[in-house]
$ cat coords27.txt   # compact mmCIF, C-alpha atoms
# COMPACT_ATOMS: atom_id res chain seq x y z
CA MET A 22 17.84 34.12 21.09
CA ALA A 23 14.12 33.45 21.55
CA GLN A 24 11.82 33.23 18.59
CA ILE A 25 10.04 36.51 17.77
CA LYS A 26 6.65 36.86 16.17
CA ILE A 27 5.60 40.18 14.61
CA CYS A 28 1.89 40.26 13.87
CA ASN A 29 -1.10 42.53 13.25
CA GLY A 30 0.61 44.67 10.63
CA ASP A 31 0.81 45.24 6.88
CA ILE A 32 4.03 43.63 5.64
CA ILE A 33 5.85 45.43 2.84
CA THR A 34 7.42 42.75 0.63
CA PRO A 35 8.85 43.01 -2.90
CA GLY A 36 5.87 43.52 -5.17
CA LYS A 37 3.02 43.54 -2.67
CA ILE A 38 1.76 44.45 0.79
CA ILE A 39 0.52 41.56 2.92
CA LYS A 40 -2.40 42.83 4.99
CA GLY A 41 -2.49 41.64 8.58
CA GLY A 42 0.46 39.33 8.06
CA THR A 43 2.92 37.62 10.37
CA VAL A 44 6.72 37.59 10.40
CA LEU A 45 8.67 34.97 12.35
CA ILE A 46 12.29 35.54 13.44
CA SER A 47 14.78 33.09 14.92
CA ASP A 48 18.41 33.84 15.80
CA GLY A 49 18.29 37.15 13.95
CA ILE A 50 17.01 35.63 10.69
CA ILE A 51 13.52 35.76 9.18
CA THR A 52 12.17 32.21 9.22
CA GLY A 53 8.62 32.80 8.01
CA VAL A 54 6.37 35.33 6.32
CA SER A 55 2.66 34.56 6.19
CA GLU A 56 -0.62 36.15 5.21
CA HIS A 57 -2.17 34.51 8.26
CA ASP A 58 -1.46 34.28 11.95
CA ILE A 59 1.04 31.58 12.89
CA ASP A 60 0.62 29.90 16.25
CA VAL A 61 3.99 29.93 18.03
CA PRO A 62 3.12 29.97 21.74
CA GLU A 63 6.73 30.22 22.90
CA ALA A 64 7.59 33.21 20.68
CA VAL A 65 8.09 36.76 21.98
CA LEU A 66 5.17 38.71 20.53
CA ILE A 67 5.52 42.12 18.87
CA ASP A 68 2.14 43.59 17.96
CA ALA A 69 2.53 46.02 15.07
CA GLY A 70 -0.80 47.62 15.97
CA GLY A 71 -2.03 47.75 12.38
CA LYS A 72 1.01 49.68 11.22
CA TYR A 73 3.44 48.85 8.41
CA ILE A 74 6.12 46.19 8.83
CA SER A 75 8.91 47.21 6.47
CA PRO A 76 12.44 46.14 5.61
CA GLY A 77 14.97 48.34 7.38
CA PHE A 78 16.35 51.29 5.45
CA ILE A 79 19.88 51.07 4.03
CA ASP A 80 21.83 54.33 3.71
CA ILE A 81 24.79 53.86 1.35
CA HIS A 82 26.04 57.47 1.59
CA ILE A 83 26.17 59.03 5.04
CA HIS A 84 28.77 61.17 6.84
CA GLY A 85 27.35 61.76 10.29
CA GLY A 86 24.58 62.67 12.69
CA GLY A 87 23.91 63.34 16.34
CA GLY A 88 26.83 65.77 16.52
CA HIS A 89 29.36 63.27 15.11
CA ASP A 90 31.19 62.76 11.82
CA PHE A 91 32.89 59.53 10.80
CA MET A 92 36.03 61.55 10.13
CA ASP A 93 36.23 62.58 13.78
CA ASN A 94 38.07 59.24 13.85
CA THR A 95 36.73 58.11 17.19
CA VAL A 96 34.84 54.97 18.08
CA ASP A 97 32.28 57.13 19.91
CA ALA A 98 31.56 59.01 16.68
CA PHE A 99 30.98 55.82 14.68
CA LEU A 100 28.69 54.36 17.33
CA GLY A 101 26.88 57.64 17.94
CA ILE A 102 26.02 58.03 14.26
CA ALA A 103 24.83 54.43 14.05
CA ASP A 104 22.63 54.85 17.13
CA LEU A 105 21.13 58.16 15.99
CA HIS A 106 20.08 56.96 12.57
CA ALA A 107 18.64 53.68 13.89
CA LYS A 108 15.98 55.82 15.58
CA TYR A 109 14.86 56.92 12.13
CA GLY A 110 14.66 53.47 10.56
CA THR A 111 18.18 52.98 9.22
CA THR A 112 19.32 49.43 9.93
CA ALA A 113 22.46 49.37 7.75
CA MET A 114 24.81 52.06 6.46
CA SER A 115 28.00 52.73 4.53
CA PRO A 116 30.11 55.17 6.59
CA THR A 117 31.40 57.79 4.16
CA THR A 118 34.56 59.89 4.13
CA LEU A 119 35.34 63.31 2.70
CA THR A 120 38.44 64.44 0.85
CA SER A 121 41.33 64.29 3.28
CA SER A 122 44.98 63.46 3.69
CA LYS A 123 45.99 59.83 3.23
CA GLU A 124 46.88 59.65 6.90
CA ASP A 125 43.41 60.75 8.03
CA LEU A 126 41.80 58.33 5.61
CA LEU A 127 43.83 55.40 6.89
CA GLU A 128 42.92 56.33 10.45
CA THR A 129 39.20 56.38 9.56
CA LEU A 130 39.52 52.88 8.14
CA ARG A 131 41.29 51.72 11.31
CA ILE A 132 38.59 53.13 13.56
CA TYR A 133 35.87 51.53 11.44
CA GLU A 134 37.27 48.08 12.13
CA ILE A 135 37.24 48.70 15.89
CA ALA A 136 33.76 50.28 15.93
CA GLU A 137 32.22 47.55 13.80
CA LYS A 138 32.96 44.95 16.48
CA LEU A 139 31.41 47.13 19.20
CA ASN A 140 28.30 48.15 17.27
CA THR A 141 25.48 46.21 18.92
CA LYS A 142 22.75 48.86 19.14
CA GLY A 143 22.97 51.00 16.03
CA ALA A 144 22.63 50.62 12.27
CA ARG A 145 25.10 48.00 11.11
CA PHE A 146 28.10 48.96 8.98
CA ILE A 147 28.23 47.36 5.52
CA GLY A 148 31.62 48.68 4.39
CA MET A 149 33.29 52.04 3.87
CA HIS A 150 32.43 54.46 1.10
CA LEU A 151 35.39 56.66 0.20
CA GLU A 152 34.14 59.93 -1.28
CA GLY A 153 37.20 61.48 -2.85
CA PRO A 154 39.88 62.75 -2.87
CA TYR A 155 39.97 62.19 -6.66
CA PHE A 156 37.59 64.96 -7.73
CA ALA A 157 37.30 67.87 -10.15
CA VAL A 158 38.16 71.08 -8.30
CA ASN A 159 35.40 72.96 -10.17
CA GLN A 160 32.84 70.58 -8.69
CA CYS A 161 34.24 70.29 -5.18
CA GLY A 162 31.13 71.81 -3.55
CA ALA A 163 31.75 71.56 0.19
CA GLN A 164 34.69 69.19 -0.23
CA ASP A 165 37.90 70.87 0.93
CA PRO A 166 39.83 71.72 -2.28
CA LYS A 167 43.23 71.58 -0.60
CA TYR A 168 42.96 67.78 -0.45
CA ILE A 169 41.67 67.22 -3.99
CA ARG A 170 44.09 65.42 -6.32
CA ASP A 171 44.31 63.08 -9.32
CA PRO A 172 44.25 59.31 -8.74
CA ASP A 173 47.67 58.12 -7.61
CA PRO A 174 48.19 54.37 -8.20
CA GLU A 175 50.78 54.14 -5.45
CA GLU A 176 48.40 55.77 -3.00
CA TYR A 177 45.17 53.95 -3.80
CA LYS A 178 46.84 50.55 -4.13
CA GLU A 179 48.40 51.03 -0.70
CA ILE A 180 45.05 52.02 0.81
CA ILE A 181 43.24 49.05 -0.73
CA ALA A 182 45.98 46.58 0.15
CA GLY A 183 45.73 47.52 3.80
CA SER A 184 41.97 47.10 4.14
CA THR A 185 39.15 44.71 3.28
CA ILE A 186 36.36 47.04 4.36
CA ILE A 187 36.31 49.46 1.41
CA LYS A 188 33.20 48.61 -0.61
CA ARG A 189 32.73 51.76 -2.68
CA TRP A 190 34.86 54.64 -3.95
CA SER A 191 33.51 57.79 -5.64
CA ALA A 192 35.70 59.72 -8.09
CA ALA A 193 35.65 62.02 -11.12
CA PRO A 194 36.26 59.78 -14.16
CA GLU A 195 37.68 62.47 -16.44
CA LEU A 196 40.77 62.98 -14.30
CA LYS A 197 44.15 61.73 -15.42
CA GLY A 198 44.41 58.08 -14.42
CA ALA A 199 40.76 57.80 -13.35
CA ILE A 200 39.80 55.14 -15.90
CA GLU A 201 42.70 52.95 -14.75
CA PHE A 202 41.62 53.64 -11.16
CA GLY A 203 38.08 52.50 -11.95
CA LYS A 204 39.31 49.31 -13.57
CA TYR A 205 41.59 48.54 -10.64
CA ILE A 206 39.09 49.04 -7.83
CA THR A 207 36.42 47.12 -9.76
CA SER A 208 38.84 44.21 -10.07
CA LYS A 209 39.11 44.27 -6.28
CA GLY A 210 35.34 44.07 -5.80
CA ILE A 211 34.94 47.76 -4.95
CA LEU A 212 32.04 49.68 -6.48
CA ALA A 213 33.25 52.61 -8.61
CA ALA A 214 30.95 55.65 -8.63
CA ILE A 215 30.97 58.93 -10.55
CA ALA A 216 31.07 62.03 -8.34
CA HIS A 217 32.11 65.71 -8.15
CA THR A 218 32.91 65.70 -11.83
CA ASP A 219 33.14 67.89 -14.93
CA ALA A 220 32.69 64.86 -17.21
CA ILE A 221 30.47 65.05 -20.26
CA TYR A 222 28.37 62.21 -21.65
CA GLU A 223 31.13 60.62 -23.70
CA GLU A 224 33.46 60.53 -20.69
CA ALA A 225 30.72 59.15 -18.47
CA LEU A 226 29.97 56.42 -21.00
CA GLU A 227 33.64 55.42 -21.11
CA ALA A 228 33.66 55.39 -17.32
CA PHE A 229 30.59 53.16 -17.20
CA GLU A 230 32.23 50.74 -19.61
CA ASN A 231 35.21 50.58 -17.24
CA GLY A 232 33.40 49.94 -13.99
CA TYR A 233 31.73 53.18 -12.88
CA THR A 234 28.16 51.91 -12.53
CA LEU A 235 26.72 54.37 -10.00
CA ALA A 236 26.11 58.13 -10.12
CA THR A 237 26.82 59.59 -6.68
CA HIS A 238 24.12 62.03 -5.43
CA LEU A 239 22.69 62.64 -8.91
CA TYR A 240 22.57 66.34 -9.92
CA SER A 241 24.87 67.38 -7.06
CA GLY A 242 28.52 67.99 -8.01
CA MET A 243 28.12 67.20 -11.71
CA LEU A 244 27.20 68.77 -15.03
CA GLY A 245 23.96 68.65 -16.92
CA VAL A 246 23.84 70.05 -20.44
CA THR A 247 26.79 72.40 -20.93
CA ARG A 248 28.38 74.40 -23.75
CA ARG A 249 31.97 74.34 -24.95
CA ASN A 250 32.99 76.58 -27.83
CA ALA A 251 29.31 77.20 -28.61
CA TYR A 252 28.50 73.48 -28.91
CA ARG A 253 26.16 71.77 -26.46
CA TYR A 254 27.24 68.60 -24.66
CA ALA A 255 25.25 66.27 -22.48
CA GLY A 256 26.67 65.82 -18.98
CA VAL A 257 26.71 63.10 -16.35
CA VAL A 258 23.09 63.82 -15.45
CA GLU A 259 21.97 62.96 -18.98
CA ALA A 260 24.39 60.02 -19.11
CA ALA A 261 22.84 58.58 -15.95
CA PHE A 262 19.41 58.77 -17.58
CA LEU A 263 20.51 57.41 -20.95
CA ILE A 264 22.66 54.52 -19.74
CA ASP A 265 20.10 51.93 -18.70
CA GLY A 266 22.58 49.96 -16.60
CA MET A 267 23.71 52.90 -14.49
CA ASP A 268 22.32 53.12 -10.97
CA VAL A 269 21.72 56.47 -9.30
CA GLU A 270 21.42 57.70 -5.74
CA ILE A 271 19.52 60.84 -4.77
CA ILE A 272 19.40 63.05 -1.70
CA ALA A 273 15.62 63.10 -1.32
CA ASP A 274 15.50 65.75 1.39
CA GLY A 275 13.33 67.94 -0.86
CA ILE A 276 16.01 70.64 -0.85
CA HIS A 277 19.01 69.23 -2.71
CA LEU A 278 16.46 68.05 -5.27
CA PRO A 279 13.10 69.81 -5.46
CA PRO A 280 9.94 67.80 -6.16
CA PRO A 281 10.05 68.09 -10.00
CA LEU A 282 13.54 66.55 -10.09
CA LEU A 283 12.55 63.79 -7.66
CA LYS A 284 9.66 63.00 -9.99
CA LEU A 285 11.91 63.07 -13.05
CA VAL A 286 14.44 60.67 -11.56
CA TYR A 287 11.68 58.25 -10.56
CA LYS A 288 10.02 58.50 -13.97
CA ILE A 289 13.20 57.77 -15.91
CA LYS A 290 15.24 55.46 -13.66
CA GLY A 291 12.47 53.86 -11.63
CA ALA A 292 12.63 52.37 -8.16
CA LYS A 293 14.94 49.48 -9.02
CA LYS A 294 17.78 51.70 -10.27
CA THR A 295 17.44 54.45 -7.65
CA ALA A 296 18.71 54.49 -4.06
CA LEU A 297 17.62 57.08 -1.52
CA ILE A 298 20.50 58.48 0.53
CA THR A 299 20.69 61.01 3.33
CA ASP A 300 24.26 62.26 2.66
CA ALA A 301 23.73 63.40 6.26
CA MET A 302 26.43 65.34 8.09
CA ARG A 303 26.91 65.72 11.84
CA ALA A 304 23.98 68.13 12.30
CA ALA A 305 21.37 65.45 11.45
CA GLY A 306 19.14 64.92 14.46
CA MET A 307 20.46 68.09 16.11
CA PRO A 308 19.04 71.61 16.63
CA PRO A 309 19.79 73.99 13.72
CA VAL A 310 23.00 75.79 14.71
CA GLU A 311 26.46 76.32 13.29
CA SER A 312 28.21 73.04 12.66
CA ILE A 313 31.27 71.45 11.07
CA LEU A 314 31.43 69.34 7.95
CA GLY A 315 34.13 66.71 8.29
CA SER A 316 36.39 66.17 11.25
CA LEU A 317 36.31 68.41 14.29
CA LYS A 318 40.01 69.18 13.94
CA SER A 319 40.14 70.07 10.23
CA GLY A 320 36.57 70.25 8.94
CA LEU A 321 34.75 73.16 7.31
CA LYS A 322 32.49 75.45 9.31
CA VAL A 323 28.91 75.40 8.01
CA ILE A 324 25.56 76.88 8.93
CA VAL A 325 22.36 74.93 9.30
CA GLU A 326 19.19 76.65 8.15
CA ASP A 327 16.14 75.94 6.01
CA GLY A 328 16.52 72.24 6.75
CA VAL A 329 19.96 71.89 5.15
CA ALA A 330 23.65 72.55 5.83
CA LYS A 331 25.28 75.35 3.81
CA LEU A 332 28.69 76.91 3.42
CA PRO A 333 28.85 80.13 5.45
CA ASP A 334 28.65 82.29 2.30
CA ARG A 335 25.60 80.27 1.21
CA SER A 336 27.26 79.49 -2.13
CA ALA A 337 26.66 75.73 -1.86
CA PHE A 338 24.98 73.10 0.23
CA ALA A 339 27.29 71.30 2.64
CA GLY A 340 25.48 68.01 3.10
CA SER A 341 21.99 67.28 4.26
CA ILE A 342 20.60 66.89 7.75
CA ALA A 343 18.03 64.35 6.58
CA THR A 344 17.16 61.03 8.15
CA ALA A 345 15.97 57.97 6.24
CA ASP A 346 12.33 58.26 7.30
CA GLN A 347 12.24 61.73 5.74
CA LEU A 348 13.48 60.36 2.42
CA VAL A 349 10.67 57.82 2.17
CA ARG A 350 8.09 60.36 3.33
CA ASN A 351 9.29 62.92 0.79
CA MET A 352 9.18 60.50 -2.15
CA ILE A 353 5.58 59.70 -1.27
CA LYS A 354 4.37 63.22 -0.48
CA LEU A 355 6.55 65.35 -2.78
CA ALA A 356 7.10 63.02 -5.73
CA ASP A 357 3.83 61.03 -5.69
CA VAL A 358 5.70 57.72 -5.50
CA PRO A 359 3.76 54.68 -4.23
CA LEU A 360 4.74 53.41 -0.78
CA LEU A 361 6.04 50.11 -2.19
CA ASP A 362 8.43 51.88 -4.55
CA ALA A 363 9.55 54.43 -1.98
CA VAL A 364 10.47 51.64 0.43
CA GLU A 365 12.21 49.72 -2.35
CA MET A 366 14.40 52.76 -3.05
CA ALA A 367 15.31 52.95 0.64
CA ALA A 368 15.93 49.24 1.17
CA LEU A 369 16.19 46.70 -1.64
CA SER A 370 17.66 49.02 -4.29
CA PRO A 371 20.62 50.16 -2.13
CA ALA A 372 21.11 46.54 -1.00
CA THR A 373 21.25 45.45 -4.65
CA ILE A 374 23.70 48.22 -5.56
CA MET A 375 25.98 47.10 -2.74
CA LYS A 376 25.48 43.41 -3.63
CA ILE A 377 24.04 42.43 -0.26
CA GLU A 378 20.50 41.78 -1.48
CA ASP A 379 20.85 38.11 -0.56
CA LYS A 380 20.81 39.12 3.13
CA LYS A 381 19.33 42.59 3.46
CA GLY A 382 16.75 44.86 1.86
CA SER A 383 13.58 42.77 1.91
CA ILE A 384 11.31 40.80 4.21
CA ALA A 385 11.59 37.20 3.10
CA ARG A 386 12.56 33.85 4.55
CA GLY A 387 16.33 33.58 5.12
CA MET A 388 16.97 37.33 5.20
CA ASP A 389 18.47 39.25 8.11
CA ALA A 390 15.71 40.35 10.46
CA ASP A 391 16.29 44.07 9.87
CA ILE A 392 12.81 45.51 10.19
CA VAL A 393 11.13 48.82 10.92
CA ILE A 394 7.56 49.38 11.98
CA PHE A 395 6.07 52.73 11.03
CA ASP A 396 2.71 54.45 10.68
CA ALA A 397 1.03 55.94 7.62
CA ASP A 398 3.17 59.10 7.94
CA ILE A 399 6.41 57.06 8.14
CA ASN A 400 6.89 57.86 11.82
CA ILE A 401 9.14 55.11 13.14
CA GLU A 402 7.59 53.06 15.95
CA LYS A 403 10.23 50.33 16.25
CA THR A 404 13.59 49.51 14.69
CA ILE A 405 14.70 45.89 14.79
CA ILE A 406 18.22 44.86 13.75
CA LYS A 407 19.09 41.18 13.44
CA GLY A 408 16.00 40.37 15.48
CA LYS A 409 16.83 42.77 18.32
CA VAL A 410 14.67 45.80 19.08
CA VAL A 411 17.16 48.70 19.19
CA TYR A 412 14.63 51.52 19.23
CA GLU A 413 10.98 51.98 20.10
CA ARG A 414 9.06 55.20 20.36
$ encode --input "coords27.txt" --output "structure tokens"
Amino acid sequence: MAQIKICNGDIITPGKIIKGGTVLISDGIITGVSEHDIDVPEAVLIDAGGKYISPGFIDIHIHGGGGHDFMDNTVDAFLGIADLHAKYGTTAMSPTTLTSSKEDLLETLRIYEIAEKLNTKGARFIGMHLEGPYFAVNQCGAQDPKYIRDPDPEEYKEIIAGSTIIKRWSAAPELKGAIEFGKYITSKGILAAIAHTDAIYEEALEAFENGYTLATHLYSGMLGVTRRNAYRYAGVVEAAFLIDGMDVEIIADGIHLPPPLLKLVYKIKGAKKTALITDAMRAAGMPPVESILGSLKSGLKVIVEDGVAKLPDRSAFAGSIATADQLVRNMIKLADVPLLDAVEMAALSPATIMKIEDKKGSIARGMDADIVIFDADINIEKTIIKGKVVYER
């Protein structure tokens, strides 16, 4: 691959913005970052036109987009989702499942491995995120309750033994066998996350001490302060705030969490412990119509209105239709977060949570050349993945 030189833009790096800087790329890797122009006559020139040069966004919780869901279990679905979200600045993603049968889950993992090798244009896959099926029925939300069950060692050990691509698994830690499950998957290098749970603070603390270090879509599918037999108990929301070492992810579409809650999360957890996620379903990037959450053959019918997917009876949200650029824009405009911190929550923080910060999430020498160029309103002008321009407006 030819050398690439990106110039005439404001480079967003950890801790500061380099005005009018230059980024050099060779063979898909960043080889130089400078405050000044670098003379490389043979390089392919990309003029940022005075716009921002940012690390690519990393979405660690995403189900679909462009009319596809990962649980459609087709290569076209995987590639279609990756292509759609690259247009909005996502350069890496963790394909995410829903509660399902073991057979469907195994098929999703099989398709991932095929699609990963064919994915040359879209956001790169950084490992599967299994969301469920080990959840509290009371907190199932739009997850299909008929598939919800307690952790089964025989089942999850079989699933893990047959795959090296599972990087994260979300579960309710108060379930029978869930602590042992957390210990086991952590021992295998899989991130354990708390999700769709009735746990109270004490249970969440025990879970954290046994490997559950991330709160999945904070506030959604979990308890805040609750009462049992007249006594008040703190929930997972409060546990996530009180446990300094616990990371959180938030659906910053401005609907799942309104501006005051976005501000509260940022104030308490800060940019370094917070990842922005879309939790997008298949209707992301599509006109607002009826849609399906999950696979086409067995998913749940949903409606799309008011900028979000809902169950038909409007009793619960059914995933967002957000794209990564919206998340950054919302944190700036709705939550008064500085641009540097908003980008960190969309790039370096999720990379750190997934332990890939040595390659992705920031613009620095030696990092993957995953870069987005956007204007002051976070409108994406170009998306570059491993040094290749995959989208330009």
$ closest_atom_pairs --input "coords27.txt" --of "stretch 79-123 of chain A" --to "stretch 238-254 of chain A" --cutoff "12 Å" --atoms "only C-alpha atoms" --output "JSON lines"
{"residue": "A:Ile81", "atom": "CA", "partner": "A:His238", "partner_atom": "CA", "distance": 10.6}
{"residue": "A:His82", "atom": "CA", "partner": "A:His238", "partner_atom": "CA", "distance": 8.6}
{"residue": "A:Ile83", "atom": "CA", "partner": "A:His238", "partner_atom": "CA", "distance": 11.1}
$ write_last_selection --input "coords27.txt" --atoms "C-alpha atoms" --output "CSV table (one decimal), in the coordinates of the input"
chain,number,residue,atom,x,y,z
A,81,ILE,CA,24.8,53.9,1.4
A,82,HIS,CA,26.0,57.5,1.6
A,83,ILE,CA,26.2,59.0,5.0
$ closest_residue --input "coords27.txt" --among "A:Ile27, A:Leu126, A:Ile211, A:Ile180" --to "A:Ile59" --atoms "only C-alpha atoms"
A:Ile27
$ atom_distance --input "coords27.txt" --atom1 "atom CA of A:Lys40" --atom2 "atom CA of A:Ser55"
9.8 Å
$ atom_distance --input "coords27.txt" --atom1 "atom CA of A:Gly266" --atom2 "atom CA of A:Thr373"
12.8 Å
$ closest_residue --input "coords27.txt" --among "A:Lys409, A:Lys294, A:Arg303, A:Lys288" --to "A:Ala356" --atoms "all atoms listed in the file"
A:Lys288
$ residues_near_point --input "coords27.txt" --point "(0.0, 50.8, 13.5)" --cutoff "7 Å" --atoms "all atoms listed in the file" --output "CSV table (one decimal) with C-alpha atoms, keeping the file's coordinate frame"
chain,number,residue,atom,x,y,z
A,30,GLY,CA,0.6,44.7,10.6
A,69,ALA,CA,2.5,46.0,15.1
A,70,GLY,CA,-0.8,47.6,16.0
A,71,GLY,CA,-2.0,47.8,12.4
A,72,LYS,CA,1.0,49.7,11.2
A,73,TYR,CA,3.4,48.8,8.4
A,395,PHE,CA,6.1,52.7,11.0
A,396,ASP,CA,2.7,54.4,10.7
$ closest_atom_pairs --input "coords27.txt" --of "stretch 275-384 of chain A" --to "stretch 119-123 of chain A" --cutoff "12 Å" --atoms "only C-alpha atoms" --output "JSON lines"
{"residue": "A:Asp300", "atom": "CA", "partner": "A:Leu119", "partner_atom": "CA", "distance": 11.1}
{"residue": "A:Met302", "atom": "CA", "partner": "A:Leu119", "partner_atom": "CA", "distance": 10.6}
{"residue": "A:Leu314", "atom": "CA", "partner": "A:Leu119", "partner_atom": "CA", "distance": 8.9}
{"residue": "A:Gly315", "atom": "CA", "partner": "A:Leu119", "partner_atom": "CA", "distance": 6.7}
{"residue": "A:Ser316", "atom": "CA", "partner": "A:Leu119", "partner_atom": "CA", "distance": 9.1}
{"residue": "A:Lys318", "atom": "CA", "partner": "A:Ser121", "partner_atom": "CA", "distance": 11.8}
{"residue": "A:Ser319", "atom": "CA", "partner": "A:Ser121", "partner_atom": "CA", "distance": 9.1}
{"residue": "A:Gly320", "atom": "CA", "partner": "A:Leu119", "partner_atom": "CA", "distance": 9.4}
{"residue": "A:Leu321", "atom": "CA", "partner": "A:Leu119", "partner_atom": "CA", "distance": 10.9}
{"residue": "A:Ala339", "atom": "CA", "partner": "A:Leu119", "partner_atom": "CA", "distance": 11.3}
{"residue": "A:Gly340", "atom": "CA", "partner": "A:Leu119", "partner_atom": "CA", "distance": 10.9}
$ residues_near_point --input "coords27.txt" --point "(41.8, 68.2, -1.9)" --cutoff "9 Å" --atoms "all atoms listed in the file" --output "list in words"
Thr120, Ser121, Ser122, Gly153, Pro154, Tyr155, Phe156, Val158, Cys161, Gln164, Asp165, Pro166, Lys167, Tyr168, Ile169 and Arg170 of chain A
$ closest_residue --input "coords27.txt" --among "A:Leu360, A:Ala182, A:Ala220, A:Ile102" --to "A:Ile32" --atoms "all atoms listed in the file"
A:Leu360
$ closest_residue --input "coords27.txt" --among "A:Thr117, A:Ser370, A:Thr404, A:Ser383" --to "A:Val54" --atoms "all atoms listed in the file"
A:Ser383
$ atom_distance --input "coords27.txt" --atom1 "atom CA of A:Gly306" --atom2 "atom CA of A:Tyr109"
9.4 Å
$ residues_around --input "coords27.txt" --residues "A:Val257" --least-positions-apart "5" --cutoff "12 Å" --atoms "all atoms listed in the file" --output "JSON, numbers by chain"
{"A": [193, 194, 195, 214, 215, 216, 217, 218, 219, 220, 221, 222, 223, 224, 225, 226, 227, 228, 229, 233, 234, 235, 236, 237, 238, 239, 240, 241, 242, 243, 244, 245, 246, 247, 262, 263, 264, 267, 269]}
$ decode --input "coords27.txt" --residues "stretch 71-84 of chain A" --atoms "N, CA and C atoms" --output "CSV table (one decimal), in the first residue's frame"
chain,number,residue,atom,x,y,z
A,71,GLY,N,-9.5,21.5,6.9
A,71,GLY,CA,-9.8,22.2,8.2
A,71,GLY,C,-10.7,21.5,9.1
A,72,LYS,N,-11.1,20.3,8.8
A,72,LYS,CA,-12.0,19.6,9.7
A,72,LYS,C,-11.3,18.8,10.7
A,73,TYR,N,-12.0,18.1,11.5
A,73,TYR,CA,-11.4,17.3,12.6
A,73,TYR,C,-10.9,15.9,12.0
A,74,ILE,N,-9.7,15.5,12.5
A,74,ILE,CA,-9.2,14.2,12.2
A,74,ILE,C,-9.2,13.4,13.5
A,75,SER,N,-10.1,12.4,13.5
A,75,SER,CA,-10.4,11.7,14.8
A,75,SER,C,-10.1,10.2,14.7
A,76,PRO,N,-9.8,9.6,15.9
A,76,PRO,CA,-9.8,8.1,15.8
A,76,PRO,C,-11.2,7.6,15.5
A,77,GLY,N,-11.2,6.5,14.8
A,77,GLY,CA,-12.5,5.9,14.4
A,77,GLY,C,-13.3,5.5,15.6
A,78,PHE,N,-14.6,5.4,15.5
A,78,PHE,CA,-15.5,5.1,16.6
A,78,PHE,C,-15.5,3.6,16.8
A,79,ILE,N,-15.6,3.1,18.0
A,79,ILE,CA,-15.7,1.7,18.3
A,79,ILE,C,-17.0,1.3,19.0
A,80,ASP,N,-17.8,0.6,18.4
A,80,ASP,CA,-19.1,0.3,19.0
A,80,ASP,C,-19.1,-1.2,19.5
A,81,ILE,N,-19.1,-1.3,20.9
A,81,ILE,CA,-18.9,-2.6,21.5
A,81,ILE,C,-20.3,-3.3,21.8
A,82,HIS,N,-21.4,-2.7,21.4
A,82,HIS,CA,-22.7,-3.3,21.6
A,82,HIS,C,-23.6,-2.8,20.5
A,83,ILE,N,-23.8,-3.7,19.5
A,83,ILE,CA,-24.5,-3.4,18.3
A,83,ILE,C,-25.1,-4.6,17.7
A,84,HIS,N,-26.4,-4.6,17.3
A,84,HIS,CA,-27.2,-5.7,16.8
A,84,HIS,C,-27.4,-5.7,15.3
